[in-house]
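Before any comments, here is the structure.
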Amino acid sequence: MRVLAHLPLAARVLDVGCNTGELGAQMKALRGCYVVGVEKNPAYRDLAGQRLDEIIVADVMDLPGLLSPSCQFDAVVAADVLEHLPDPWAAVRLLSGYLRGGGV
C-alpha cells in the first residue's frame, strides 16, 4: 500500500480508524512499526488487539481524555477516516498534537 512507503522504519504509529488491524499488521510486518490502533467500533477490538500492539476503542475526538498530551508518535495514519468525520480539520488539528517533531 502507498501508506507504508511514507512510514519511517520502526516508527511508533497511531492508526486511527484501524478497523480489524489489517493495515497496522502490515506496518508491523513490513516496516517494523509499533502500532497503537484507534477504533470506535468495539466489534473490531478482539481481532485488532491480536494484530496490533495496543488498541483504544474510542472515537478519534475522544483521544484527549484517553491519551496523555505527552504521548508522541512518529506517524499518524487516518486511512479512510477523515472523509467520514463531521469536522475533519478538527481531527487533523487534534491528531497533529500527537506527532513528534518531524513526524508524518
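Identifiers in this document derive from the order of the C-alpha cells: chains are assigned A, B, ..., residues are numbered from 1 separately in each chain, and ligands are numbered from 1 in order of occurrence.
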Name all residues at most 8 Å from segment 71-84 of chain A (count only C-alpha atoms; drop same-chain ones fewer than 3 positions away) and give them as a list in words.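 Answer for this query is Val3, Leu7, Pro8, Ala11, Arg12, Val13, Leu14, Asp15, Val16, Gly17, Leu67, Ser68, Pro88, Ala91, Leu95, Ser96, Tyr98, Leu99, Arg100, Gly102, Gly103 and Val104 of chain A.
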Quick check for you: according to DSSP on this backbone, which residues of chain A are classed as strand (DSSP E or B)? Reply as a ChimeraX atom specification. /A:12-16,34-39,54-57,73,75-77,99
Expected file: the selected residues, C-alpha atoms, as a tab-separated table (two decimals), in the first residue's frame:
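Output file result_26.tsv is given in full below:
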chain	number	residue	atom	x	y	z
A	12	ARG	CA	5.68	4.42	16.60
A	13	VAL	CA	2.36	4.79	14.73
A	14	LEU	CA	-1.11	5.92	15.76
A	15	ASP	CA	-3.50	4.16	13.36
A	16	VAL	CA	-6.83	5.99	13.56
A	34	TYR	CA	4.87	-0.30	16.91
A	35	VAL	CA	1.19	0.32	16.21
A	36	VAL	CA	-1.44	1.78	18.51
A	37	GLY	CA	-4.86	1.42	16.88
A	38	VAL	CA	-7.89	3.60	17.50
A	39	GLU	CA	-11.27	2.19	16.50
A	54	GLU	CA	-2.27	-1.65	21.59
A	55	ILE	CA	-5.90	-0.91	20.81
A	56	ILE	CA	-8.04	2.01	22.02
A	57	VAL	CA	-11.79	1.68	21.50
A	73	PHE	CA	4.12	9.23	17.63
A	75	ALA	CA	3.42	8.86	12.32
A	76	VAL	CA	-0.34	9.20	12.43
A	77	VAL	CA	-2.35	7.27	9.86
A	99	LEU	CA	3.16	13.92	16.35
So what do you get for atom CA of Arg51 of chain A versus atom CA of Gly101 of chain A, distance-wise?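 We find that atom CA of Arg51 of chain A and atom CA of Gly101 of chain A lie 27.3 Å from each other.
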Just the residues within 7 Å of Gly32 of chain A, please, counting only C-alpha atoms, with nothing from its chain fewer than 4 positions along; format it as an MDAnalysis selection string. chainID A and resid 9:10 27:28
I'd like to know which of A:Leu23, A:Ser70, A:Pro64, A:Ala48 is closest to Arg93 of chain A, using only C-alpha atoms. A:Pro64
Taking the backbone alone, and naming residues the way the document does, which bits of chain A are helix (DSSP H, G or I) by DSSP, as a ChimeraX atom specification? /A:2-5,22-31,42-51,60-65,82-84,88-96
Just give me the gap between atom CA of Glu22 of chain A and atom CA of Leu52 of chain A in Å, one decimal is fine. 8.8 Å
Any idea what the distance is between atom CA of Gln26 of chain A and atom CA of Leu85 of chain A?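 For atom CA of Gln26 of chain A relative to atom CA of Leu85 of chain A, the distance reads 24.8 Å.
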Using only C-alpha atoms, the shortest atom-to-atom distance to Ala58 of chain A among A:Gly21, A:Pro42, A:Pro86, A:Gly97 belongs to A:Pro42
